[in-house]
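One structure below.
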Protein chains: 2
Amino acid sequence: MHTEQRRRAHELLRSRGISHALFADVHTITWLTGYAPPIQLGENLFAGGPPLLWYDDGHFVLLVLDALATAAGDLAADADCEVETYAGYTVEQPIESAKRLAEALGRVAGRSSLQGGRAGVETARLPMSLTPVLARAGLGEWTEIDGWFTQTRMVKTDEELAKLRANFALVETGHMAARASVRAGQREIDVWTDIHAAIEREAGRRVPLGNDCTVGTREGNIGGWPGTAALGPHDSIIVDLSTVLHGYWSDSCVTYVAGEATSEQAEIHRVVSDALEFAIGLLRPGAMAKRVDEQVRTFIAEAGYPVYPHHTGHGVGVSGHEEPRIVPYNEQVLEPGMVIMLEPGIYLPGKTGVRLEDAVLVTEDGPEVLTHYDKALG
Amino acid sequence: MHTEQRRRAHELLRSRGISHALFADVHTITWLTGYAPPIQLGENLFAGGPPLLWYDDGHFVLLVLDALATAAGDLAADADCEVETYAGYTVEQPIESAKRLAEALGRVAGRSSLQGGRAGVETARLPMSLTPVLARAGLGEWTEIDGWFTQTRMVKTDEELAKLRANFALVETGHMAARASVRAGQREIDVWTDIHAAIEREAGRRVPLGNDCTVGTREGNIGGWPGTAALGPHDSIIVDLSTVLHGYWSDSCVTYVAGEATSEQAEIHRVVSDALEFAIGLLRPGAMAKRVDEQVRTFIAEAGYPVYPHHTGHGVGVSGHEEPRIVPYNEQVLEPGMVIMLEPGIYLPGKTGVRLEDAVLVTEDGPEVLTHYDKALG
């Protein structure tokens with residue numbers, strides 16, 4: 001599992017003369033191994049730092065807290081990767097997991113022969129306390145490899161598509177619950193808890209959930225976490241959902257109305273819906289990200305509405321917002337296998353707002369929509 | 001707000017000759033400032049690293065992602081601390097938040113005069129990519145100050161007690177929902193979602209929730225996240241809840257039974273309940289943590305049951321498990337103002353298990369129980 005990702009990484013590192021590497025960005029590590037630590041409570045209280053992944057000329061070793069080296073940490077998702085654990089929780093002595101992590105890294109690095117090679121390190125998430133360990137292991141100097149794989153991650157493997165599809169099925173459940181929950185008198189948090197409960201019951205497990213649940217009468221009605229704002233009659237509410245399952249993210253957005261929509265809401269909804277359909281049609285191999293962005297913004301502007309201040313879209317995978325970003329500067333050309341979220345919107349601050357979002361797989365035969373929820377207004 | 005914490009830190013640092021410091025452990029930062037980033041989805045996708053806190057001889061500057069420098073990030077909890085933000089999300093150019101964070105740190109450190117002083121750095125969570133920034137700022141050498149404040153954090157201020165009490169009120173809501181939800185046929189995840197929804201509706205906002213929701217017939221029935229195991233008639237279920245609100249944690253545990261308890265469950269419950277009452281009575285100023293631990297373990301053993309393999313208790317505050325740990329090695333002496341969780345249990349793997357937990361404030365006048373939920377079996 002995730003062997004294609006490791007093959008690509010090996011090829012890239014070798015082509016740039018890197019024989020050894022240390023990864024510390026959880027997105028890179030999930031992509032390379034399938035391992036995804038639980039995130040709902042922040043970092044595990046007994047962890048000594050982030051998970052690390054050691055690379056030795058094509059061989060990978062995952063360093064992870066003992067308590068997370070189980071199915072609970074989704075480690076079972078990957079059977080091929082060697083795992084080195086370190087001790088966290090114990091009642092026998094003070095918890096010194098940062099020290100234990102350093103020792104584990106020393107063991108793993110010590111088994112490698114660094115002669116003649118060049119090392120790469122993801123430094124933006126690697127604890128500074130590990131610097132001496134790297135020095136003792138012979139890595140006094142290294143090349144920073146932060147961000148090297150963001151482009152490599154764009155084209156999804158079949159295995160990744162399966163994980164993404166499982167997530168998109170969950171947001172479908174979430175949007176059914178949202179539609180049933182939205183009515184005058186409901187607060188944002190009431191709608192949110194109905195959605196989250198439905199998703200976790202469907203999955204049979206805890207599922208991290210983002211992003212927005214925001215009543216349209218808010219001044220900042222583009223998005224935000226649910227609060228105590230309540231839906232009045234005819235109020236719109238933007239429900240933008242991301243689930244995280246098997247280390248992969250989904251994304252999605254539908255706008256609902258409590259009761260009957262106003263004619264203005266119906267008109268805005270029609271324009272955004274048409275803009276989304278138009279955008280989907282643009283996602284063909286060879287299209288340039290910034291041209292797609294420009295065309296969708298122009299579509300909204302020509303309909304006479306203010307153009308949304310956010311991205312037109314973005315990739316999705318081990319993170320909820322990744323390459324290729326569909327934004328004004330991006331000259332990335334689309335390729336088959338990319339999965340792209342598209343999310344045009346129209347916002348009238350303090351009054352109402354509509355955003356609709358779909359996931360699209362770019363294929364040689366044209367765009368395939370991966371999200372299947374009811375986006376009708378109501 | 002949190003001025004007492006900063007006063008204590010300033011005193012400790014000065015007493016050890018540290019004139020400048022960089023904090024990177026979110027627990028230290030929450031304790032010193034009240035700032036607590038949202039954690040439910042892991043690190044913010046547009047963050048360049050963890051929040052950082054710069055210390056210059058009594059003056060503190062918080063470095064935080066622009067999008068988190070708002071009430072949404074609980075920053076509003078602290079009004080006194082200077083804040084330096086850095087840019088994260090933008091559609092105008094590639095997201096380079098790690099670089100922007102480094103620049104922000106350079107600006108803040110550059111405003112300090114480091115002549116003649118000694119610097120301290122929390123290294124176990126500080127990104128290695130910031131090493132050159134520290135070097136340019138004149139911090140080529142430093143003292144590692146990781147863990148320096150875990151003892152200092154033990155005695156809570158009135159402000160912290162108020163935040164803890166708000167959390168304990170939320171788990172009370174959670175346990176009422178649990179009691180209403182537990183019945184034969186319910187899966188762990190069904191009970192869990194009822195609890196989480198009740199807590200978030202009561203709070204009017206998203207609330208991170210731990211820890212365990214585990215049917216007693218599981219082989220590993222001490223704890224674990226909720227899954228699809230279903231309650232049969234007479235099955236017990238351990239519900240151990242921690243909420244995180246205002247950057248502070250609660251903790252709590254009640255054991256429920258679907259329908260009528262068996263006589264064995266009732267007997268175990270009586271022993272654990274008595275053990276908890278016994279333990280609470282031991283939490284007086286001057287008591288040593290390891291003696292409390294030993295006495296409670298002996299209580300269970302003398303009742304003829306296997307002694308629980310975990311801690312007897314632990315402190316709670318900006319993290320869910322902190323000093324003073326009530327464990328076999330700990331010679332810490334209890335002081336007024338400490339808040340301690342106590343959680344004896346008896347586990348018969350694959351059959352049933354009971355754990356009960358309360359929070360106790362140590363005072364000159366004796367233990368004050370801070371948790372007020374119904375712990376009756378049923």
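Chain labels follow the order of the structure tokens: the first chain is A, the next B, and so on; residue numbering restarts at 1 in every chain, and ligands are counted from 1 in their shown order.
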- Message: Using only C-alpha atoms, which protein or nucleic acid residues come within 12 Å of A:Ser273? Drop anything in the same chain fewer than 4 positions from it, and give the result as a VMD selection string.
- Response: chain A and resid 253 to 255 265 to 269 277 to 280 296 299 to 300 342 to 346 354 to 358 374 to 377
Output file for the selection above: N, CA and C atoms, as an mmCIF file, in the first residue's frame:
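File produced: out_7.cif:
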```cif
data_model
loop_
_atom_site.group_PDB
_atom_site.id
_atom_site.type_symbol
_atom_site.label_atom_id
_atom_site.label_comp_id
_atom_site.auth_asym_id
_atom_site.auth_seq_id
_atom_site.Cartn_x
_atom_site.Cartn_y
_atom_site.Cartn_z
ATOM 1 N N CYS A 253 -19.622 21.796 -0.403
ATOM 2 C CA CYS A 253 -20.418 22.905 0.130
ATOM 3 C C CYS A 253 -21.789 22.955 -0.526
ATOM 4 N N VAL A 254 -22.796 23.103 0.309
ATOM 5 C CA VAL A 254 -24.171 23.320 -0.145
ATOM 6 C C VAL A 254 -24.722 24.481 0.674
ATOM 7 N N THR A 255 -25.588 25.286 0.063
ATOM 8 C CA THR A 255 -26.254 26.362 0.798
ATOM 9 C C THR A 255 -27.730 26.021 0.936
ATOM 10 N N GLN A 265 -32.340 35.207 -3.318
ATOM 11 C CA GLN A 265 -31.565 34.002 -3.029
ATOM 12 C C GLN A 265 -31.654 33.007 -4.184
ATOM 13 N N ALA A 266 -32.853 32.867 -4.730
ATOM 14 C CA ALA A 266 -33.042 31.925 -5.837
ATOM 15 C C ALA A 266 -32.219 32.345 -7.047
ATOM 16 N N GLU A 267 -32.154 33.641 -7.288
ATOM 17 C CA GLU A 267 -31.398 34.152 -8.430
ATOM 18 C C GLU A 267 -29.894 33.927 -8.224
ATOM 19 N N ILE A 268 -29.425 34.266 -7.027
ATOM 20 C CA ILE A 268 -28.004 34.054 -6.718
ATOM 21 C C ILE A 268 -27.653 32.571 -6.824
ATOM 22 N N HIS A 269 -28.526 31.743 -6.299
ATOM 23 C CA HIS A 269 -28.291 30.301 -6.329
ATOM 24 C C HIS A 269 -28.185 29.808 -7.776
ATOM 25 N N GLU A 277 -21.265 24.599 -12.723
ATOM 26 C CA GLU A 277 -21.349 23.723 -13.900
ATOM 27 C C GLU A 277 -20.351 24.148 -14.960
ATOM 28 N N PHE A 278 -20.266 25.456 -15.162
ATOM 29 C CA PHE A 278 -19.321 26.018 -16.135
ATOM 30 C C PHE A 278 -17.886 25.651 -15.739
ATOM 31 N N ALA A 279 -17.571 25.796 -14.443
ATOM 32 C CA ALA A 279 -16.224 25.513 -13.944
ATOM 33 C C ALA A 279 -15.866 24.042 -14.136
ATOM 34 N N ILE A 280 -16.826 23.174 -13.838
ATOM 35 C CA ILE A 280 -16.569 21.732 -13.981
ATOM 36 C C ILE A 280 -16.170 21.413 -15.419
ATOM 37 N N VAL A 296 -13.979 31.588 -14.344
ATOM 38 C CA VAL A 296 -15.105 31.441 -13.401
ATOM 39 C C VAL A 296 -15.402 32.775 -12.724
ATOM 40 N N PHE A 299 -17.310 34.826 -15.100
ATOM 41 C CA PHE A 299 -18.703 34.360 -15.187
ATOM 42 C C PHE A 299 -19.568 35.044 -14.131
ATOM 43 N N ILE A 300 -19.057 35.102 -12.891
ATOM 44 C CA ILE A 300 -19.805 35.730 -11.789
ATOM 45 C C ILE A 300 -19.936 37.239 -12.028
ATOM 46 N N LEU A 342 -14.078 22.646 -6.647
ATOM 47 C CA LEU A 342 -14.478 23.920 -7.254
ATOM 48 C C LEU A 342 -15.569 24.522 -6.390
ATOM 49 N N GLU A 343 -15.444 25.814 -6.054
ATOM 50 C CA GLU A 343 -16.413 26.367 -5.104
ATOM 51 C C GLU A 343 -16.701 27.852 -5.299
ATOM 52 N N PRO A 344 -17.321 28.187 -6.442
ATOM 53 C CA PRO A 344 -17.714 29.589 -6.618
ATOM 54 C C PRO A 344 -18.801 29.979 -5.610
ATOM 55 N N GLY A 345 -18.861 31.263 -5.307
ATOM 56 C CA GLY A 345 -19.884 31.750 -4.383
ATOM 57 C C GLY A 345 -20.214 33.208 -4.651
ATOM 58 N N ILE A 346 -21.341 33.632 -4.132
ATOM 59 C CA ILE A 346 -21.732 35.050 -4.157
ATOM 60 C C ILE A 346 -22.146 35.417 -2.735
ATOM 61 N N VAL A 354 -24.381 32.503 -1.018
ATOM 62 C CA VAL A 354 -24.528 31.153 -1.577
ATOM 63 C C VAL A 354 -23.171 30.662 -2.058
ATOM 64 N N ARG A 355 -22.783 29.477 -1.642
ATOM 65 C CA ARG A 355 -21.600 28.811 -2.205
ATOM 66 C C ARG A 355 -21.973 27.367 -2.476
ATOM 67 N N LEU A 356 -21.520 26.878 -3.620
ATOM 68 C CA LEU A 356 -21.750 25.478 -3.983
ATOM 69 C C LEU A 356 -20.414 24.887 -4.400
ATOM 70 N N GLU A 357 -20.187 23.642 -4.008
ATOM 71 C CA GLU A 357 -18.869 23.042 -4.253
ATOM 72 C C GLU A 357 -19.003 21.588 -4.669
ATOM 73 N N ASP A 358 -18.196 21.217 -5.655
ATOM 74 C CA ASP A 358 -18.113 19.816 -6.066
ATOM 75 C C ASP A 358 -16.650 19.410 -6.191
ATOM 76 N N ASP A 374 -27.480 16.525 -2.974
ATOM 77 C CA ASP A 374 -28.515 17.394 -3.530
ATOM 78 C C ASP A 374 -28.134 18.851 -3.265
ATOM 79 N N LYS A 375 -27.929 19.636 -4.301
ATOM 80 C CA LYS A 375 -27.534 21.037 -4.118
ATOM 81 C C LYS A 375 -28.703 22.002 -4.358
ATOM 82 N N ALA A 376 -29.901 21.472 -4.462
ATOM 83 C CA ALA A 376 -31.068 22.343 -4.672
ATOM 84 C C ALA A 376 -31.238 23.287 -3.485
ATOM 85 N N LEU A 377 -31.731 24.473 -3.759
ATOM 86 C CA LEU A 377 -31.968 25.442 -2.689
ATOM 87 C C LEU A 377 -33.231 25.028 -1.922
#
```
- Select all residues from chain A having any atom no more than 6 Å from an atom of chain B (counting only C-alpha atoms, ignoring ligands), output as a PyMOL selection string. chain A and resi 39-42+91+123-129+193+197+204-205+227-228+311+327
- Can you list, as a PyMOL selection string, all residues belonging to stretch 105-353 of chain B that DSSP tags as helix (DSSP H, G or I)? chain B and resi 105-110+128-136+158-181+188-203+263-282+289-302
Taking C-alpha atoms for each residue, export the selection above as a compact mmCIF listing (two decimals), in the first residue's frame.
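Everything below was put into result.txt:
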```
# COMPACT_ATOMS: atom_id res chain seq x y z
CA LEU B 105 10.26 35.79 14.46
CA GLY B 106 13.16 37.73 12.96
CA ARG B 107 11.25 41.00 13.40
CA VAL B 108 10.36 40.27 17.01
CA ALA B 109 13.80 38.98 18.00
CA GLY B 110 15.40 41.89 16.18
CA MET B 128 14.34 23.29 13.00
CA SER B 129 13.79 25.64 10.05
CA LEU B 130 13.93 28.54 12.53
CA THR B 131 17.51 27.80 13.61
CA PRO B 132 19.04 30.30 11.14
CA VAL B 133 16.61 33.00 12.34
CA LEU B 134 17.76 32.51 15.92
CA ALA B 135 21.39 32.60 14.82
CA ARG B 136 20.87 35.86 12.89
CA ASP B 158 -8.48 31.71 40.33
CA GLU B 159 -8.72 32.54 36.64
CA GLU B 160 -7.63 29.01 35.75
CA LEU B 161 -10.05 27.51 38.25
CA ALA B 162 -12.88 29.40 36.54
CA LYS B 163 -11.88 27.91 33.17
CA LEU B 164 -11.62 24.44 34.66
CA ARG B 165 -15.03 24.78 36.32
CA ALA B 166 -16.56 25.78 32.97
CA ASN B 167 -15.14 22.56 31.52
CA PHE B 168 -16.38 20.43 34.41
CA ALA B 169 -19.88 21.86 33.88
CA LEU B 170 -19.69 20.67 30.27
CA VAL B 171 -18.78 17.09 31.16
CA GLU B 172 -21.73 17.13 33.56
CA THR B 173 -23.92 17.82 30.52
CA GLY B 174 -22.10 15.03 28.70
CA HIS B 175 -22.72 12.49 31.41
CA MET B 176 -26.42 13.33 31.59
CA ALA B 177 -26.58 12.65 27.85
CA ALA B 178 -24.62 9.42 28.30
CA ARG B 179 -26.98 8.14 30.97
CA ALA B 180 -29.97 8.88 28.72
CA SER B 181 -28.30 7.21 25.73
CA GLU B 188 -20.37 2.98 21.33
CA ILE B 189 -20.41 5.57 18.55
CA ASP B 190 -24.16 6.16 19.05
CA VAL B 191 -23.62 6.94 22.73
CA TRP B 192 -20.61 9.09 21.87
CA THR B 193 -22.40 11.24 19.29
CA ASP B 194 -25.29 11.82 21.74
CA ILE B 195 -22.76 13.02 24.32
CA HIS B 196 -20.76 15.21 21.96
CA ALA B 197 -23.86 16.83 20.48
CA ALA B 198 -25.24 17.64 23.96
CA ILE B 199 -21.95 19.23 25.02
CA GLU B 200 -21.57 21.36 21.89
CA ARG B 201 -25.20 22.53 22.04
CA GLU B 202 -24.76 23.48 25.67
CA ALA B 203 -21.50 25.33 24.93
CA SER B 263 -24.47 -8.59 41.06
CA GLU B 264 -20.78 -8.76 40.11
CA GLN B 265 -20.97 -5.34 38.42
CA ALA B 266 -22.75 -3.91 41.45
CA GLU B 267 -20.06 -5.29 43.77
CA ILE B 268 -17.21 -3.96 41.61
CA HIS B 269 -18.94 -0.61 41.37
CA ARG B 270 -19.28 -0.46 45.15
CA VAL B 271 -15.55 -1.17 45.62
CA VAL B 272 -14.46 1.39 43.03
CA SER B 273 -16.86 3.97 44.43
CA ASP B 274 -15.46 3.40 47.92
CA ALA B 275 -11.90 3.54 46.55
CA LEU B 276 -12.63 6.89 44.93
CA GLU B 277 -14.12 8.29 48.15
CA PHE B 278 -11.09 6.98 50.04
CA ALA B 279 -8.73 8.58 47.49
CA ILE B 280 -10.47 11.94 47.67
CA GLY B 281 -9.98 11.98 51.42
CA LEU B 282 -6.22 11.55 50.95
CA ALA B 289 1.68 11.67 45.38
CA LYS B 290 3.23 8.19 45.48
CA ARG B 291 1.76 7.47 48.93
CA VAL B 292 -1.71 8.38 47.70
CA ASP B 293 -1.14 6.11 44.70
CA GLU B 294 0.02 3.24 46.89
CA GLN B 295 -2.86 3.55 49.36
CA VAL B 296 -5.53 3.51 46.65
CA ARG B 297 -3.95 0.51 44.89
CA THR B 298 -3.81 -1.31 48.22
CA PHE B 299 -7.48 -0.52 48.80
CA ILE B 300 -8.42 -2.29 45.54
CA ALA B 301 -6.05 -5.21 46.17
CA GLU B 302 -7.39 -5.77 49.69
```
- Query: Any idea what's packed within 10 Å of A:Gly220, counting only C-alpha atoms, ignoring anything in its chain fewer than 6 positions away? Could you give it as a PyMOL selection string?
  - Reply: chain A and resi 214+347-351+353
- Residue contacts of A:Thr363 (9 Å, only C-alpha atoms) excluding same-chain residues fewer than 2 positions away, as a VMD selection string: chain A and resid 283 to 285 335 to 338 361 365 to 368
- Message: Would you pick out the contacts of B:Pro324 at 8 Å or less, using only C-alpha atoms, so that residues sharing its chain but fewer than 4 positions from it are not included, and give the list as a PyMOL selection string?
- Response: chain B and resi 151+154+289+314-315+330+332+334+340
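Here atom CA of A:Gly185 and atom CA of A:Gly232 stand 6.2 Å from one another.
Here the DSSP assignment of strand (DSSP E), based on backbone atoms, applies within stretch 76-138 of chain A to A:Glu82, A:Val83, A:Glu84, A:Thr85, A:Tyr86, A:Ala119, A:Gly120, A:Val121.
Taking atom CA of B:Ala184 and atom CA of B:Tyr305 as endpoints, the distance between them is 27.0 Å.
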